[in-house]
file query_39.cif (mmCIF, C-alpha atoms; chains and numbers go by the auth columns)
data_final
loop_
_atom_site.group_PDB
_atom_site.id
_atom_site.type_symbol
_atom_site.label_atom_id
_atom_site.label_comp_id
_atom_site.label_asym_id
_atom_site.label_seq_id
_atom_site.Cartn_x
_atom_site.Cartn_y
_atom_site.Cartn_z
_atom_site.B_iso_or_equiv
_atom_site.auth_seq_id
_atom_site.auth_asym_id
ATOM 1 C CA MET A 1 0.000 0.000 0.000 0.00 20 A
ATOM 2 C CA PRO A 2 1.407 3.404 -0.905 0.00 21 A
ATOM 3 C CA GLU A 3 2.249 5.869 1.819 0.00 22 A
ATOM 4 C CA LEU A 4 -0.700 8.227 2.171 0.00 23 A
ATOM 5 C CA GLY A 5 0.861 10.523 4.734 0.00 24 A
ATOM 6 C CA ALA A 6 -1.343 13.071 6.428 0.00 25 A
ATOM 7 C CA HIS A 7 -4.268 12.305 4.136 0.00 26 A
ATOM 8 C CA ALA A 8 -4.546 8.609 4.972 0.00 27 A
ATOM 9 C CA VAL A 9 -7.793 8.950 6.911 0.00 28 A
ATOM 10 C CA GLN A 10 -9.522 10.939 4.161 0.00 29 A
ATOM 11 C CA VAL A 11 -8.335 8.645 1.366 0.00 30 A
ATOM 12 C CA LEU A 12 -9.300 5.441 3.172 0.00 31 A
ATOM 13 C CA ALA A 13 -12.653 6.913 4.229 0.00 32 A
ATOM 14 C CA SER A 14 -13.343 7.869 0.608 0.00 33 A
ATOM 15 C CA TRP A 15 -12.556 4.336 -0.541 0.00 34 A
ATOM 16 C CA ALA A 16 -14.794 2.867 2.156 0.00 35 A
ATOM 17 C CA ILE A 17 -17.687 5.152 1.227 0.00 36 A
ATOM 18 C CA GLY A 18 -17.233 4.412 -2.464 0.00 37 A
ATOM 19 C CA LEU A 19 -17.248 0.665 -1.871 0.00 38 A
ATOM 20 C CA LEU A 20 -20.298 0.959 0.368 0.00 39 A
ATOM 21 C CA VAL A 21 -22.203 2.899 -2.303 0.00 40 A
ATOM 22 C CA LEU A 22 -21.183 0.323 -4.901 0.00 41 A
ATOM 23 C CA ALA A 23 -22.388 -2.534 -2.677 0.00 42 A
ATOM 24 C CA ILE A 24 -25.716 -0.773 -2.106 0.00 43 A
ATOM 25 C CA LEU A 25 -26.212 -0.250 -5.839 0.00 44 A
ATOM 26 C CA ILE A 26 -25.393 -3.877 -6.616 0.00 45 A
ATOM 27 C CA GLY A 27 -27.774 -5.079 -3.902 0.00 46 A
ATOM 28 C CA ALA A 28 -30.567 -2.832 -5.173 0.00 47 A
ATOM 29 C CA SER A 29 -29.992 -4.040 -8.722 0.00 48 A
ATOM 30 C CA ILE A 30 -30.150 -7.704 -7.702 0.00 49 A
ATOM 31 C CA ARG A 31 -33.291 -7.101 -5.636 0.00 50 A
ATOM 32 C CA ASP A 32 -34.930 -5.300 -8.558 0.00 51 A
ATOM 33 C CA ALA A 33 -34.018 -8.075 -11.011 0.00 52 A
ATOM 34 C CA ARG A 34 -35.497 -10.739 -8.731 0.00 53 A
ATOM 35 C CA ARG A 35 -38.698 -8.745 -8.281 0.00 54 A
ATOM 36 C CA THR A 36 -39.012 -8.204 -12.031 0.00 55 A
ATOM 37 C CA ARG A 37 -38.384 -11.892 -12.777 0.00 56 A
ATOM 38 C CA ARG A 38 -41.026 -12.921 -10.234 0.00 57 A
ATOM 39 C CA ARG A 39 -43.589 -10.506 -11.726 0.00 58 A
ATOM 40 C CA LEU A 40 -42.858 -11.715 -15.241 0.00 59 A
ATOM 41 C CA GLN A 41 -43.307 -15.341 -14.203 0.00 60 A
ATOM 42 C CA GLU A 42 -46.645 -14.490 -12.593 0.00 61 A
ATOM 43 C CA LEU A 43 -47.800 -12.740 -15.766 0.00 62 A
ATOM 44 C CA GLU A 44 -46.693 -15.642 -17.957 0.00 63 A
ATOM 45 C CA ARG A 45 -48.557 -18.132 -15.746 0.00 64 A
ATOM 46 C CA SER A 46 -51.736 -16.065 -15.808 0.00 65 A
ATOM 47 C CA ARG A 47 -51.683 -15.724 -19.622 0.00 66 A
ATOM 48 C CA LYS A 48 -51.127 -19.399 -20.500 0.00 67 A
ATOM 49 C CA PRO A 49 -54.139 -20.987 -22.214 0.00 68 A
ATOM 50 C CA ARG A 50 -55.694 -23.804 -20.241 0.00 69 A
#

call {"tool": "encode", "arguments": {"input": "query_39.cif", "output": "structure tokens"}}
result
Amino acid sequence: MPELGAHAVQVLASWAIGLLVLAILIGASIRDARRTRRRLQELERSRKPR
């Protein structure tokens, strides 16, 4: 790891916040995809001829 000197706290905090935001966005995207897939499956089941 490079020497960050006096700015180590700010740099590491920025990285931590950035990674946290990225994790939140990925989680929201996965949740949204699952919800959409479930809704689509429900629609497909309701439209099938019997």

call {"tool": "axis_aligned_box", "arguments": {"input": "query_39.cif", "around": "segment 21-24 of chain A", "padding_each_side": "3 Å", "output": "lines of an AutoDock Vina configuration file"}}
result
center_x = 0.8
center_y = 7.0
center_z = 1.9
size_x = 8.9
size_y = 13.1
size_z = 11.6

call {"tool": "atom_distance", "arguments": {"input": "query_39.cif", "atom1": "atom CA of Ile36 of chain A", "atom2": "atom CA of Ser48 of chain A"}}
result
18.3 Å

call {"tool": "atom_distance", "arguments": {"input": "query_39.cif", "atom1": "atom CA of Pro21 of chain A", "atom2": "atom CA of Ile43 of chain A"}}
result
27.5 Å

call {"tool": "atom_distance", "arguments": {"input": "query_39.cif", "atom1": "atom CA of Arg56 of chain A", "atom2": "atom CA of Ala42 of chain A"}}
result
21.1 Å

call {"tool": "decode", "arguments": {"input": "query_39.cif", "residues": "segment 42-64 of chain A", "atoms": "C-alpha atoms", "output": "JSON list (two decimals), in the first residue's frame"}}
result
[["chain", "number", "residue", "atom", "x", "y", "z"],
["A", 42, "ALA", "CA", -22.39, -2.53, -2.68],
["A", 43, "ILE", "CA", -25.72, -0.77, -2.11],
["A", 44, "LEU", "CA", -26.21, -0.25, -5.84],
["A", 45, "ILE", "CA", -25.39, -3.88, -6.62],
["A", 46, "GLY", "CA", -27.77, -5.08, -3.90],
["A", 47, "ALA", "CA", -30.57, -2.83, -5.17],
["A", 48, "SER", "CA", -29.99, -4.04, -8.72],
["A", 49, "ILE", "CA", -30.15, -7.70, -7.70],
["A", 50, "ARG", "CA", -33.29, -7.10, -5.64],
["A", 51, "ASP", "CA", -34.93, -5.30, -8.56],
["A", 52, "ALA", "CA", -34.02, -8.07, -11.01],
["A", 53, "ARG", "CA", -35.50, -10.74, -8.73],
["A", 54, "ARG", "CA", -38.70, -8.74, -8.28],
["A", 55, "THR", "CA", -39.01, -8.20, -12.03],
["A", 56, "ARG", "CA", -38.38, -11.89, -12.78],
["A", 57, "ARG", "CA", -41.03, -12.92, -10.23],
["A", 58, "ARG", "CA", -43.59, -10.51, -11.73],
["A", 59, "LEU", "CA", -42.86, -11.72, -15.24],
["A", 60, "GLN", "CA", -43.31, -15.34, -14.20],
["A", 61, "GLU", "CA", -46.64, -14.49, -12.59],
["A", 62, "LEU", "CA", -47.80, -12.74, -15.77],
["A", 63, "GLU", "CA", -46.69, -15.64, -17.96],
["A", 64, "ARG", "CA", -48.56, -18.13, -15.75]]
